[in-house]
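This is my_file29.txt (compact mmCIF, N, CA, C and O atoms).
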```
# COMPACT_ATOMS: atom_id res chain seq x y z
N MET L 1 -4.16 -1.24 13.74
CA MET L 1 -2.76 -0.94 13.79
C MET L 1 -2.45 0.09 14.86
O MET L 1 -1.35 0.14 15.33
N GLY L 2 -3.39 0.92 15.20
CA GLY L 2 -3.16 1.92 16.22
C GLY L 2 -2.26 3.03 15.71
O GLY L 2 -1.97 3.14 14.55
N VAL L 3 -1.82 3.86 16.64
CA VAL L 3 -0.94 4.97 16.27
C VAL L 3 0.49 4.45 16.21
O VAL L 3 1.01 3.96 17.19
N GLN L 4 1.10 4.56 15.03
CA GLN L 4 2.46 4.12 14.85
C GLN L 4 3.23 5.20 14.13
O GLN L 4 2.65 6.02 13.42
N GLN L 5 4.54 5.17 14.28
CA GLN L 5 5.37 6.09 13.51
C GLN L 5 5.28 5.70 12.04
O GLN L 5 5.37 4.52 11.70
N GLU L 6 5.07 6.70 11.18
CA GLU L 6 4.96 6.42 9.76
C GLU L 6 6.34 6.35 9.14
O GLU L 6 7.27 7.01 9.58
N ALA L 7 6.45 5.55 8.09
CA ALA L 7 7.71 5.38 7.39
C ALA L 7 7.96 6.55 6.47
O ALA L 7 7.07 7.32 6.16
N GLY L 8 9.18 6.63 6.02
CA GLY L 8 9.46 7.66 5.04
C GLY L 8 10.89 7.67 4.60
O GLY L 8 11.77 7.13 5.27
N VAL L 9 11.09 8.26 3.44
CA VAL L 9 12.42 8.45 2.91
C VAL L 9 12.94 9.73 3.56
O VAL L 9 12.33 10.78 3.42
N GLY L 10 14.03 9.64 4.30
CA GLY L 10 14.54 10.80 5.00
C GLY L 10 13.57 11.30 6.07
O GLY L 10 13.50 12.49 6.34
N GLY L 11 12.81 10.40 6.65
CA GLY L 11 11.87 10.78 7.70
C GLY L 11 10.54 11.31 7.20
O GLY L 11 9.71 11.73 8.00
N GLU L 12 10.33 11.33 5.88
CA GLU L 12 9.08 11.83 5.34
C GLU L 12 7.99 10.77 5.43
O GLU L 12 8.25 9.59 5.22
N ALA L 13 6.78 11.20 5.72
CA ALA L 13 5.66 10.27 5.82
C ALA L 13 5.30 9.72 4.43
O ALA L 13 5.33 10.44 3.44
N LEU L 14 4.97 8.43 4.40
CA LEU L 14 4.57 7.78 3.16
C LEU L 14 3.17 7.21 3.31
O LEU L 14 2.73 6.87 4.41
N GLU L 15 2.48 7.09 2.18
CA GLU L 15 1.18 6.45 2.14
C GLU L 15 1.14 5.50 0.96
O GLU L 15 1.93 5.64 0.02
N VAL L 16 0.23 4.53 1.01
CA VAL L 16 0.13 3.53 -0.04
C VAL L 16 -1.31 3.40 -0.48
O VAL L 16 -2.24 3.57 0.30
N TRP L 17 -1.48 3.12 -1.79
CA TRP L 17 -2.81 2.86 -2.34
C TRP L 17 -2.68 1.81 -3.43
O TRP L 17 -1.60 1.56 -3.93
N ILE L 18 -3.81 1.18 -3.76
CA ILE L 18 -3.85 0.14 -4.79
C ILE L 18 -4.82 0.56 -5.88
O ILE L 18 -5.94 1.00 -5.60
N ASP L 19 -4.40 0.38 -7.13
CA ASP L 19 -5.27 0.61 -8.28
C ASP L 19 -5.98 -0.72 -8.58
O ASP L 19 -5.39 -1.61 -9.19
N GLN L 20 -7.21 -0.86 -8.11
CA GLN L 20 -7.93 -2.11 -8.29
C GLN L 20 -8.19 -2.46 -9.76
O GLN L 20 -8.38 -3.62 -10.09
N ASP L 21 -8.17 -1.47 -10.64
CA ASP L 21 -8.36 -1.74 -12.06
C ASP L 21 -7.22 -2.59 -12.62
O ASP L 21 -7.39 -3.27 -13.63
N LEU L 22 -6.06 -2.56 -11.98
CA LEU L 22 -4.90 -3.33 -12.44
C LEU L 22 -4.61 -4.54 -11.57
O LEU L 22 -3.76 -5.36 -11.91
N CYS L 23 -5.31 -4.66 -10.44
CA CYS L 23 -5.06 -5.75 -9.50
C CYS L 23 -5.39 -7.10 -10.14
O CYS L 23 -6.45 -7.28 -10.73
N THR L 24 -4.46 -8.06 -10.00
CA THR L 24 -4.66 -9.40 -10.55
C THR L 24 -5.19 -10.38 -9.50
O THR L 24 -5.49 -11.52 -9.82
N GLY L 25 -5.27 -9.93 -8.25
CA GLY L 25 -5.81 -10.78 -7.19
C GLY L 25 -4.89 -11.89 -6.75
O GLY L 25 -5.34 -12.84 -6.11
N ASP L 26 -3.61 -11.78 -7.03
CA ASP L 26 -2.66 -12.81 -6.63
C ASP L 26 -2.47 -12.88 -5.13
O ASP L 26 -2.10 -13.93 -4.61
N GLY L 27 -2.64 -11.77 -4.44
CA GLY L 27 -2.54 -11.77 -2.99
C GLY L 27 -1.14 -11.70 -2.44
O GLY L 27 -0.92 -11.88 -1.24
N ILE L 28 -0.16 -11.42 -3.30
CA ILE L 28 1.22 -11.32 -2.83
C ILE L 28 1.35 -10.23 -1.79
O ILE L 28 2.04 -10.39 -0.78
N CYS L 29 0.66 -9.11 -2.00
CA CYS L 29 0.74 -8.00 -1.05
C CYS L 29 0.24 -8.41 0.33
O CYS L 29 0.84 -8.07 1.34
N ALA L 30 -0.86 -9.15 0.36
CA ALA L 30 -1.43 -9.59 1.63
C ALA L 30 -0.52 -10.60 2.33
O ALA L 30 -0.53 -10.70 3.55
N GLN L 31 0.28 -11.33 1.55
CA GLN L 31 1.24 -12.26 2.14
C GLN L 31 2.41 -11.49 2.76
O GLN L 31 2.87 -11.82 3.85
N TYR L 32 2.90 -10.48 2.06
CA TYR L 32 4.02 -9.68 2.55
C TYR L 32 3.62 -8.81 3.74
O TYR L 32 4.36 -8.70 4.71
N ALA L 33 2.49 -8.13 3.63
CA ALA L 33 2.10 -7.16 4.66
C ALA L 33 0.60 -7.25 4.96
O ALA L 33 -0.18 -6.39 4.59
N PRO L 34 0.18 -8.32 5.67
CA PRO L 34 -1.24 -8.48 5.96
C PRO L 34 -1.80 -7.39 6.87
O PRO L 34 -3.02 -7.20 6.92
N GLU L 35 -0.92 -6.64 7.54
CA GLU L 35 -1.38 -5.54 8.38
C GLU L 35 -1.83 -4.35 7.53
O GLU L 35 -2.56 -3.48 7.99
N VAL L 36 -1.38 -4.31 6.26
CA VAL L 36 -1.64 -3.17 5.38
C VAL L 36 -2.59 -3.53 4.23
O VAL L 36 -3.40 -2.71 3.80
N PHE L 37 -2.49 -4.77 3.72
CA PHE L 37 -3.25 -5.20 2.55
C PHE L 37 -4.15 -6.38 2.88
O PHE L 37 -3.80 -7.23 3.70
N GLU L 38 -5.27 -6.46 2.17
CA GLU L 38 -6.18 -7.59 2.34
C GLU L 38 -6.96 -7.82 1.06
O GLU L 38 -7.34 -6.87 0.37
N LEU L 39 -7.20 -9.10 0.74
CA LEU L 39 -8.06 -9.43 -0.39
C LEU L 39 -9.51 -9.42 0.08
O LEU L 39 -9.82 -9.95 1.14
N ASP L 40 -10.37 -8.82 -0.72
CA ASP L 40 -11.79 -8.78 -0.38
C ASP L 40 -12.51 -9.92 -1.09
O ASP L 40 -11.91 -10.65 -1.89
N ILE L 41 -13.80 -10.07 -0.84
CA ILE L 41 -14.57 -11.15 -1.46
C ILE L 41 -14.64 -11.01 -2.98
O ILE L 41 -14.91 -11.98 -3.67
N ASP L 42 -14.35 -9.80 -3.49
CA ASP L 42 -14.35 -9.62 -4.95
C ASP L 42 -13.05 -10.13 -5.58
O ASP L 42 -12.87 -10.08 -6.79
N GLY L 43 -12.11 -10.61 -4.74
CA GLY L 43 -10.86 -11.16 -5.23
C GLY L 43 -9.77 -10.14 -5.47
O GLY L 43 -8.69 -10.49 -5.93
N LEU L 44 -10.04 -8.88 -5.15
CA LEU L 44 -9.07 -7.81 -5.36
C LEU L 44 -8.47 -7.36 -4.03
O LEU L 44 -9.09 -7.51 -2.98
N ALA L 45 -7.28 -6.80 -4.11
CA ALA L 45 -6.59 -6.32 -2.91
C ALA L 45 -6.97 -4.88 -2.61
O ALA L 45 -7.20 -4.08 -3.52
N TYR L 46 -7.01 -4.57 -1.32
CA TYR L 46 -7.31 -3.22 -0.83
C TYR L 46 -6.37 -2.91 0.33
O TYR L 46 -5.85 -3.83 0.98
N VAL L 47 -6.18 -1.62 0.58
CA VAL L 47 -5.41 -1.23 1.77
C VAL L 47 -6.35 -1.23 2.97
O VAL L 47 -7.57 -1.14 2.83
N LYS L 48 -5.75 -1.33 4.15
CA LYS L 48 -6.50 -1.32 5.39
C LYS L 48 -6.23 -0.02 6.13
O LYS L 48 -5.12 0.50 6.09
N GLY L 49 -7.24 0.48 6.81
CA GLY L 49 -7.11 1.70 7.58
C GLY L 49 -6.39 1.45 8.90
O GLY L 49 -6.05 0.32 9.25
N GLU L 50 -6.19 2.53 9.63
CA GLU L 50 -5.45 2.43 10.88
C GLU L 50 -6.21 1.64 11.94
O GLU L 50 -5.61 1.20 12.92
N GLN L 51 -7.51 1.47 11.77
CA GLN L 51 -8.30 0.66 12.70
C GLN L 51 -8.55 -0.75 12.14
O GLN L 51 -9.48 -1.43 12.55
N ASP L 52 -7.72 -1.16 11.16
CA ASP L 52 -7.77 -2.49 10.55
C ASP L 52 -8.99 -2.69 9.65
O ASP L 52 -9.32 -3.80 9.28
N GLU L 53 -9.69 -1.59 9.29
CA GLU L 53 -10.85 -1.71 8.40
C GLU L 53 -10.40 -1.67 6.95
O GLU L 53 -9.43 -1.02 6.59
N LEU L 54 -11.12 -2.41 6.10
CA LEU L 54 -10.82 -2.45 4.67
C LEU L 54 -11.30 -1.16 4.03
O LEU L 54 -12.46 -0.76 4.20
N LEU L 55 -10.42 -0.48 3.30
CA LEU L 55 -10.76 0.78 2.65
C LEU L 55 -11.07 0.51 1.18
O LEU L 55 -10.17 0.31 0.38
N GLN L 56 -12.35 0.47 0.85
CA GLN L 56 -12.76 0.05 -0.49
C GLN L 56 -13.06 1.20 -1.45
O GLN L 56 -13.35 0.96 -2.61
N ALA L 57 -12.94 2.43 -0.99
CA ALA L 57 -13.16 3.57 -1.89
C ALA L 57 -12.04 3.62 -2.92
O ALA L 57 -10.88 3.35 -2.61
N LYS L 58 -12.38 3.97 -4.15
CA LYS L 58 -11.39 4.06 -5.21
C LYS L 58 -10.31 5.08 -4.82
O LYS L 58 -10.61 6.18 -4.41
N GLY L 59 -9.05 4.66 -4.89
CA GLY L 59 -7.93 5.54 -4.56
C GLY L 59 -7.69 5.74 -3.08
O GLY L 59 -6.92 6.60 -2.69
N ALA L 60 -8.33 4.91 -2.23
CA ALA L 60 -8.15 5.03 -0.78
C ALA L 60 -6.68 4.82 -0.43
O ALA L 60 -6.01 3.94 -0.97
N VAL L 61 -6.19 5.64 0.49
CA VAL L 61 -4.79 5.56 0.92
C VAL L 61 -4.73 5.25 2.41
O VAL L 61 -5.67 5.50 3.15
N THR L 62 -3.58 4.70 2.80
CA THR L 62 -3.33 4.45 4.22
C THR L 62 -1.86 4.76 4.49
O THR L 62 -1.02 4.59 3.61
N PRO L 63 -1.54 5.22 5.70
CA PRO L 63 -0.14 5.48 6.04
C PRO L 63 0.67 4.19 6.03
O PRO L 63 0.15 3.11 6.32
N VAL L 64 1.95 4.31 5.70
CA VAL L 64 2.86 3.17 5.76
C VAL L 64 3.57 3.22 7.10
O VAL L 64 4.37 4.11 7.35
N PRO L 65 3.28 2.27 8.00
CA PRO L 65 3.97 2.24 9.30
C PRO L 65 5.45 1.91 9.12
O PRO L 65 5.80 1.03 8.34
N LEU L 66 6.30 2.60 9.83
CA LEU L 66 7.74 2.43 9.71
C LEU L 66 8.19 0.96 9.81
O LEU L 66 8.97 0.51 8.97
N PRO L 67 7.69 0.18 10.77
CA PRO L 67 8.16 -1.21 10.86
C PRO L 67 7.78 -2.06 9.64
O PRO L 67 8.36 -3.12 9.42
N LEU L 68 6.82 -1.60 8.84
CA LEU L 68 6.34 -2.40 7.70
C LEU L 68 6.82 -1.86 6.36
O LEU L 68 6.42 -2.37 5.32
N LEU L 69 7.67 -0.84 6.36
CA LEU L 69 8.10 -0.23 5.11
C LEU L 69 8.70 -1.26 4.16
O LEU L 69 8.34 -1.32 2.99
N GLY L 70 9.60 -2.11 4.64
CA GLY L 70 10.23 -3.11 3.79
C GLY L 70 9.22 -4.06 3.17
O GLY L 70 9.30 -4.38 1.98
N ASP L 71 8.23 -4.49 3.96
CA ASP L 71 7.21 -5.40 3.45
C ASP L 71 6.32 -4.72 2.40
O ASP L 71 5.94 -5.33 1.40
N VAL L 72 6.00 -3.45 2.63
CA VAL L 72 5.17 -2.71 1.68
C VAL L 72 5.94 -2.49 0.37
O VAL L 72 5.39 -2.66 -0.72
N VAL L 73 7.22 -2.14 0.48
CA VAL L 73 8.05 -1.95 -0.71
C VAL L 73 8.19 -3.26 -1.48
O VAL L 73 8.07 -3.28 -2.71
N ASP L 74 8.42 -4.37 -0.77
CA ASP L 74 8.50 -5.67 -1.43
C ASP L 74 7.19 -6.00 -2.14
O ASP L 74 7.20 -6.55 -3.25
N SER L 75 6.07 -5.66 -1.53
CA SER L 75 4.77 -5.89 -2.15
C SER L 75 4.66 -5.13 -3.46
O SER L 75 4.22 -5.67 -4.48
N ALA L 76 5.07 -3.86 -3.45
CA ALA L 76 5.01 -3.04 -4.66
C ALA L 76 5.92 -3.60 -5.75
O ALA L 76 5.55 -3.63 -6.92
N ARG L 77 7.09 -4.05 -5.35
CA ARG L 77 8.05 -4.57 -6.34
C ARG L 77 7.63 -5.91 -6.92
O ARG L 77 7.89 -6.20 -8.09
N GLU L 78 7.00 -6.76 -6.11
CA GLU L 78 6.65 -8.10 -6.55
C GLU L 78 5.25 -8.21 -7.16
O GLU L 78 4.91 -9.23 -7.75
N CYS L 79 4.47 -7.18 -7.05
CA CYS L 79 3.09 -7.22 -7.53
C CYS L 79 3.04 -7.47 -9.04
O CYS L 79 3.56 -6.67 -9.82
N PRO L 80 2.40 -8.56 -9.49
CA PRO L 80 2.33 -8.85 -10.92
C PRO L 80 1.46 -7.85 -11.69
O PRO L 80 1.62 -7.69 -12.89
N GLY L 81 0.56 -7.18 -10.99
CA GLY L 81 -0.31 -6.21 -11.65
C GLY L 81 0.25 -4.80 -11.67
O GLY L 81 -0.34 -3.90 -12.26
N ASP L 82 1.42 -4.59 -11.03
CA ASP L 82 2.00 -3.25 -10.92
C ASP L 82 0.95 -2.23 -10.48
O ASP L 82 0.81 -1.16 -11.07
N CYS L 83 0.22 -2.57 -9.43
CA CYS L 83 -0.90 -1.72 -9.02
C CYS L 83 -0.73 -1.09 -7.64
O CYS L 83 -1.60 -0.37 -7.18
N ILE L 84 0.41 -1.32 -6.99
CA ILE L 84 0.65 -0.78 -5.65
C ILE L 84 1.51 0.46 -5.76
O ILE L 84 2.60 0.42 -6.35
N HIS L 85 1.02 1.55 -5.21
CA HIS L 85 1.68 2.85 -5.31
C HIS L 85 2.01 3.37 -3.91
O HIS L 85 1.13 3.49 -3.07
N VAL L 86 3.29 3.68 -3.68
CA VAL L 86 3.73 4.26 -2.41
C VAL L 86 4.24 5.67 -2.72
O VAL L 86 5.12 5.84 -3.56
N ARG L 87 3.65 6.66 -2.06
CA ARG L 87 4.03 8.04 -2.35
C ARG L 87 4.27 8.82 -1.06
O ARG L 87 3.77 8.45 0.00
N ARG L 88 5.03 9.92 -1.23
CA ARG L 88 5.26 10.84 -0.11
C ARG L 88 3.97 11.61 0.15
O ARG L 88 3.32 12.09 -0.78
N VAL L 89 3.64 11.75 1.41
CA VAL L 89 2.45 12.51 1.79
C VAL L 89 2.64 13.98 1.45
O VAL L 89 1.73 14.65 0.96
N ALA L 90 3.83 14.51 1.69
CA ALA L 90 4.09 15.95 1.57
C ALA L 90 3.82 16.49 0.17
O ALA L 90 3.21 17.54 0.01
N ASP L 91 4.25 15.75 -0.86
CA ASP L 91 4.11 16.28 -2.22
C ASP L 91 3.45 15.32 -3.20
O ASP L 91 3.30 15.63 -4.37
N GLY L 92 3.05 14.13 -2.74
CA GLY L 92 2.35 13.19 -3.60
C GLY L 92 3.22 12.48 -4.61
O GLY L 92 2.73 11.78 -5.49
N VAL L 93 4.54 12.62 -4.51
CA VAL L 93 5.45 11.97 -5.45
C VAL L 93 5.58 10.49 -5.12
O VAL L 93 5.83 10.12 -3.97
N GLU L 94 5.40 9.64 -6.14
CA GLU L 94 5.52 8.21 -5.95
C GLU L 94 6.98 7.84 -5.80
O GLU L 94 7.81 8.20 -6.63
N VAL L 95 7.30 7.10 -4.72
CA VAL L 95 8.68 6.69 -4.45
C VAL L 95 8.91 5.20 -4.69
O VAL L 95 10.03 4.77 -4.89
N TYR L 96 7.85 4.41 -4.64
CA TYR L 96 7.88 2.99 -4.96
C TYR L 96 6.63 2.66 -5.74
O TYR L 96 5.56 3.16 -5.44
N GLY L 97 6.77 1.78 -6.74
CA GLY L 97 5.62 1.42 -7.55
C GLY L 97 5.86 1.74 -9.02
O GLY L 97 6.92 2.23 -9.40
N PRO L 98 4.86 1.49 -9.86
CA PRO L 98 5.04 1.63 -11.31
C PRO L 98 5.32 3.04 -11.79
O PRO L 98 5.91 3.23 -12.84
N ASP L 99 4.91 4.06 -11.02
CA ASP L 99 5.14 5.44 -11.44
C ASP L 99 6.26 6.12 -10.68
O ASP L 99 6.40 7.35 -10.73
N ALA L 100 7.08 5.34 -9.97
CA ALA L 100 8.17 5.92 -9.17
C ALA L 100 9.21 6.56 -10.08
O ALA L 100 9.49 6.06 -11.18
N GLU L 101 9.74 7.67 -9.61
CA GLU L 101 10.74 8.40 -10.40
C GLU L 101 12.10 7.78 -10.27
O GLU L 101 12.47 7.20 -9.33
```

What is this structure when it is put down as structure tokens?
Amino acid sequence: MGVQQEAGVGGEALEVWIDQDLCTGDGICAQYAPEVFELDIDGLAYVKGEQDELLQAKGAVTPVPLPLLGDVVDSARECPGDCIHVRRVADGVEVYGPDAE
């Protein structure tokens, strides 16, 4: 993905992570935002790093690029497993996903 401007609410940087314990493997996220999400051989979705590498560590996060914010938000909203979490980098508050305020 390279260096891109990160998305945010009011210009704040956002990051996204997936709870693989809740992932159903439907792949909706990878359809909406293949630049950010990918299904691995285990059938679960993971976020991708800025160099397009799959981040398989539990709780791994990746920045949300501004041009992809809508696709990432749609992924969180449509995910049948409610496992996609988008939070502000500054304070860790979830803004999209199952724990959003």

Just to confirm, what's the straight-line distance from atom C of Asp91 in chain L to CA of Thr24 in chain L in Å (one decimal)?
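Spanning atom C of Asp91 in chain L to CA of Thr24 in chain L is a straight-line distance of 27.0 Å.
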
Of the candidates L:Gly43, L:Gly49, L:Gly59, L:Gly25, which shows the shortest atom-to-atom distance to Gly81 in chain L, using only C-alpha atoms?
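Of the candidates, the smallest distance to Gly81 in chain L is held by L:Gly25.
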
For range 14-54 of chain L versus range 65-71 of chain L, which residues have an atom no more than 8 Å away, and what is each residue's nearest atom pair and distance in Å rounded to one decimal, using only N, CA, C and O atoms, chain-then-number order, as a tab-separated table?
```
residue	atom	partner	partner_atom	distance
L:Leu14	O	L:Pro65	N	5.9
L:Glu15	CA	L:Pro65	N	7.5
L:Val16	N	L:Pro65	N	8.0
L:Ile28	O	L:Asp71	O	6.8
L:Cys29	O	L:Asp71	O	5.8
L:Ala30	N	L:Asp71	O	7.9
L:Gln31	C	L:Asp71	O	7.2
L:Tyr32	O	L:Asp71	CA	4.5
L:Ala33	N	L:Asp71	O	5.0
L:Pro34	N	L:Asp71	O	7.8
L:Val36	CA	L:Pro65	N	7.8
```

Which residue of L:Ile41, L:Ala13, L:Ala100, L:Ala76 approaches Val64 in chain L most closely, using all atoms listed in the file:
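When distances to Val64 in chain L are compared using all atoms listed in the file, the smallest one comes from L:Ala13.
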
Write out as a PDB file with N, CA, C and O atoms, in the frame of the given file all residues of chain L that backbone DSSP assigns to helix (DSSP H, G or I).
```
ATOM      1  N   VAL L   9      11.090   8.260   3.440  1.00  0.00           N
ATOM      2  CA  VAL L   9      12.420   8.450   2.910  1.00  0.00           C
ATOM      3  C   VAL L   9      12.940   9.730   3.560  1.00  0.00           C
ATOM      4  O   VAL L   9      12.330  10.780   3.420  1.00  0.00           O
ATOM      5  N   GLY L  10      14.030   9.640   4.300  1.00  0.00           N
ATOM      6  CA  GLY L  10      14.540  10.800   5.000  1.00  0.00           C
ATOM      7  C   GLY L  10      13.570  11.300   6.070  1.00  0.00           C
ATOM      8  O   GLY L  10      13.500  12.490   6.340  1.00  0.00           O
ATOM      9  N   GLY L  11      12.810  10.400   6.650  1.00  0.00           N
ATOM     10  CA  GLY L  11      11.870  10.780   7.700  1.00  0.00           C
ATOM     11  C   GLY L  11      10.540  11.310   7.200  1.00  0.00           C
ATOM     12  O   GLY L  11       9.710  11.730   8.000  1.00  0.00           O
ATOM     13  N   ILE L  28      -0.160 -11.420  -3.300  1.00  0.00           N
ATOM     14  CA  ILE L  28       1.220 -11.320  -2.830  1.00  0.00           C
ATOM     15  C   ILE L  28       1.350 -10.230  -1.790  1.00  0.00           C
ATOM     16  O   ILE L  28       2.040 -10.390  -0.780  1.00  0.00           O
ATOM     17  N   CYS L  29       0.660  -9.110  -2.000  1.00  0.00           N
ATOM     18  CA  CYS L  29       0.740  -8.000  -1.050  1.00  0.00           C
ATOM     19  C   CYS L  29       0.240  -8.410   0.330  1.00  0.00           C
ATOM     20  O   CYS L  29       0.840  -8.070   1.340  1.00  0.00           O
ATOM     21  N   ALA L  30      -0.860  -9.150   0.360  1.00  0.00           N
ATOM     22  CA  ALA L  30      -1.430  -9.590   1.630  1.00  0.00           C
ATOM     23  C   ALA L  30      -0.520 -10.600   2.330  1.00  0.00           C
ATOM     24  O   ALA L  30      -0.530 -10.700   3.550  1.00  0.00           O
ATOM     25  N   GLN L  31       0.280 -11.330   1.550  1.00  0.00           N
ATOM     26  CA  GLN L  31       1.240 -12.260   2.140  1.00  0.00           C
ATOM     27  C   GLN L  31       2.410 -11.490   2.760  1.00  0.00           C
ATOM     28  O   GLN L  31       2.870 -11.820   3.850  1.00  0.00           O
ATOM     29  N   TYR L  32       2.900 -10.480   2.060  1.00  0.00           N
ATOM     30  CA  TYR L  32       4.020  -9.680   2.550  1.00  0.00           C
ATOM     31  C   TYR L  32       3.620  -8.810   3.740  1.00  0.00           C
ATOM     32  O   TYR L  32       4.360  -8.700   4.710  1.00  0.00           O
ATOM     33  N   LEU L  66       6.300   2.600   9.830  1.00  0.00           N
ATOM     34  CA  LEU L  66       7.740   2.430   9.710  1.00  0.00           C
ATOM     35  C   LEU L  66       8.190   0.960   9.810  1.00  0.00           C
ATOM     36  O   LEU L  66       8.970   0.510   8.970  1.00  0.00           O
ATOM     37  N   PRO L  67       7.690   0.180  10.770  1.00  0.00           N
ATOM     38  CA  PRO L  67       8.160  -1.210  10.860  1.00  0.00           C
ATOM     39  C   PRO L  67       7.780  -2.060   9.640  1.00  0.00           C
ATOM     40  O   PRO L  67       8.360  -3.120   9.420  1.00  0.00           O
ATOM     41  N   LEU L  68       6.820  -1.600   8.840  1.00  0.00           N
ATOM     42  CA  LEU L  68       6.340  -2.400   7.700  1.00  0.00           C
ATOM     43  C   LEU L  68       6.820  -1.860   6.360  1.00  0.00           C
ATOM     44  O   LEU L  68       6.420  -2.370   5.320  1.00  0.00           O
ATOM     45  N   LEU L  69       7.670  -0.840   6.360  1.00  0.00           N
ATOM     46  CA  LEU L  69       8.100  -0.230   5.110  1.00  0.00           C
ATOM     47  C   LEU L  69       8.700  -1.260   4.160  1.00  0.00           C
ATOM     48  O   LEU L  69       8.340  -1.320   2.990  1.00  0.00           O
ATOM     49  N   GLY L  70       9.600  -2.110   4.640  1.00  0.00           N
ATOM     50  CA  GLY L  70      10.230  -3.110   3.790  1.00  0.00           C
ATOM     51  C   GLY L  70       9.220  -4.060   3.170  1.00  0.00           C
ATOM     52  O   GLY L  70       9.300  -4.380   1.980  1.00  0.00           O
ATOM     53  N   ASP L  71       8.230  -4.490   3.960  1.00  0.00           N
ATOM     54  CA  ASP L  71       7.210  -5.400   3.450  1.00  0.00           C
ATOM     55  C   ASP L  71       6.320  -4.720   2.400  1.00  0.00           C
ATOM     56  O   ASP L  71       5.940  -5.330   1.400  1.00  0.00           O
ATOM     57  N   VAL L  72       6.000  -3.450   2.630  1.00  0.00           N
ATOM     58  CA  VAL L  72       5.170  -2.710   1.680  1.00  0.00           C
ATOM     59  C   VAL L  72       5.940  -2.490   0.370  1.00  0.00           C
ATOM     60  O   VAL L  72       5.390  -2.660  -0.720  1.00  0.00           O
ATOM     61  N   VAL L  73       7.220  -2.140   0.480  1.00  0.00           N
ATOM     62  CA  VAL L  73       8.050  -1.950  -0.710  1.00  0.00           C
ATOM     63  C   VAL L  73       8.190  -3.260  -1.480  1.00  0.00           C
ATOM     64  O   VAL L  73       8.070  -3.280  -2.710  1.00  0.00           O
ATOM     65  N   ASP L  74       8.420  -4.370  -0.770  1.00  0.00           N
ATOM     66  CA  ASP L  74       8.500  -5.670  -1.430  1.00  0.00           C
ATOM     67  C   ASP L  74       7.190  -6.000  -2.140  1.00  0.00           C
ATOM     68  O   ASP L  74       7.200  -6.550  -3.250  1.00  0.00           O
ATOM     69  N   SER L  75       6.070  -5.660  -1.530  1.00  0.00           N
ATOM     70  CA  SER L  75       4.770  -5.890  -2.150  1.00  0.00           C
ATOM     71  C   SER L  75       4.660  -5.130  -3.460  1.00  0.00           C
ATOM     72  O   SER L  75       4.220  -5.670  -4.480  1.00  0.00           O
ATOM     73  N   ALA L  76       5.070  -3.860  -3.450  1.00  0.00           N
ATOM     74  CA  ALA L  76       5.010  -3.040  -4.660  1.00  0.00           C
ATOM     75  C   ALA L  76       5.920  -3.600  -5.750  1.00  0.00           C
ATOM     76  O   ALA L  76       5.550  -3.630  -6.920  1.00  0.00           O
ATOM     77  N   ARG L  77       7.090  -4.050  -5.350  1.00  0.00           N
ATOM     78  CA  ARG L  77       8.050  -4.570  -6.340  1.00  0.00           C
ATOM     79  C   ARG L  77       7.630  -5.910  -6.920  1.00  0.00           C
ATOM     80  O   ARG L  77       7.890  -6.200  -8.090  1.00  0.00           O
ATOM     81  N   GLU L  78       7.000  -6.760  -6.110  1.00  0.00           N
ATOM     82  CA  GLU L  78       6.650  -8.100  -6.550  1.00  0.00           C
ATOM     83  C   GLU L  78       5.250  -8.210  -7.160  1.00  0.00           C
ATOM     84  O   GLU L  78       4.910  -9.230  -7.750  1.00  0.00           O
TER      85      GLU L  78
END
```

Atom N of Glu50 in chain L to atom N of Pro63 in chain L, straight-line distance in Å
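Computed distance, atom N of Pro63 in chain L to atom N of Glu50 in chain L, equals 6.7 Å.
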
Between atom C of Val86 in chain L and atom N of Trp17 in chain L, distance in Å (one decimal):
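Interatomic distance here is 6.3 Å.
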
Of the residues L:Ala90, L:Val72, L:Val95, L:Val47, which is the one nearest to Ala60 in chain L, using all atoms listed in the file?
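Going through L:Ala90, L:Val72, L:Val95, L:Val47 one by one, the smallest distance to Ala60 in chain L is for L:Val47.
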
Under the rule that all atoms listed in the file are counted, which of L:Gly27, L:Ile18, L:Glu78, L:Gly97 is the nearest residue to Leu39 in chain L?
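Counting all atoms listed in the file, the residue closest to Leu39 in chain L is L:Gly27.
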
Apply DSSP to the structure's backbone, then extract all residues of range 50-80 of chain L labelled strand (DSSP E or B) and return them as a list in words.
Leu54, Leu55, Val61, Thr62, Pro63 and Pro65 of chain L

I'd like to know which of L:Gly92, L:Arg77, L:Cys83, L:Glu12 is closest to Ala45 in chain L, using only N, CA, C and O atoms.
L:Cys83
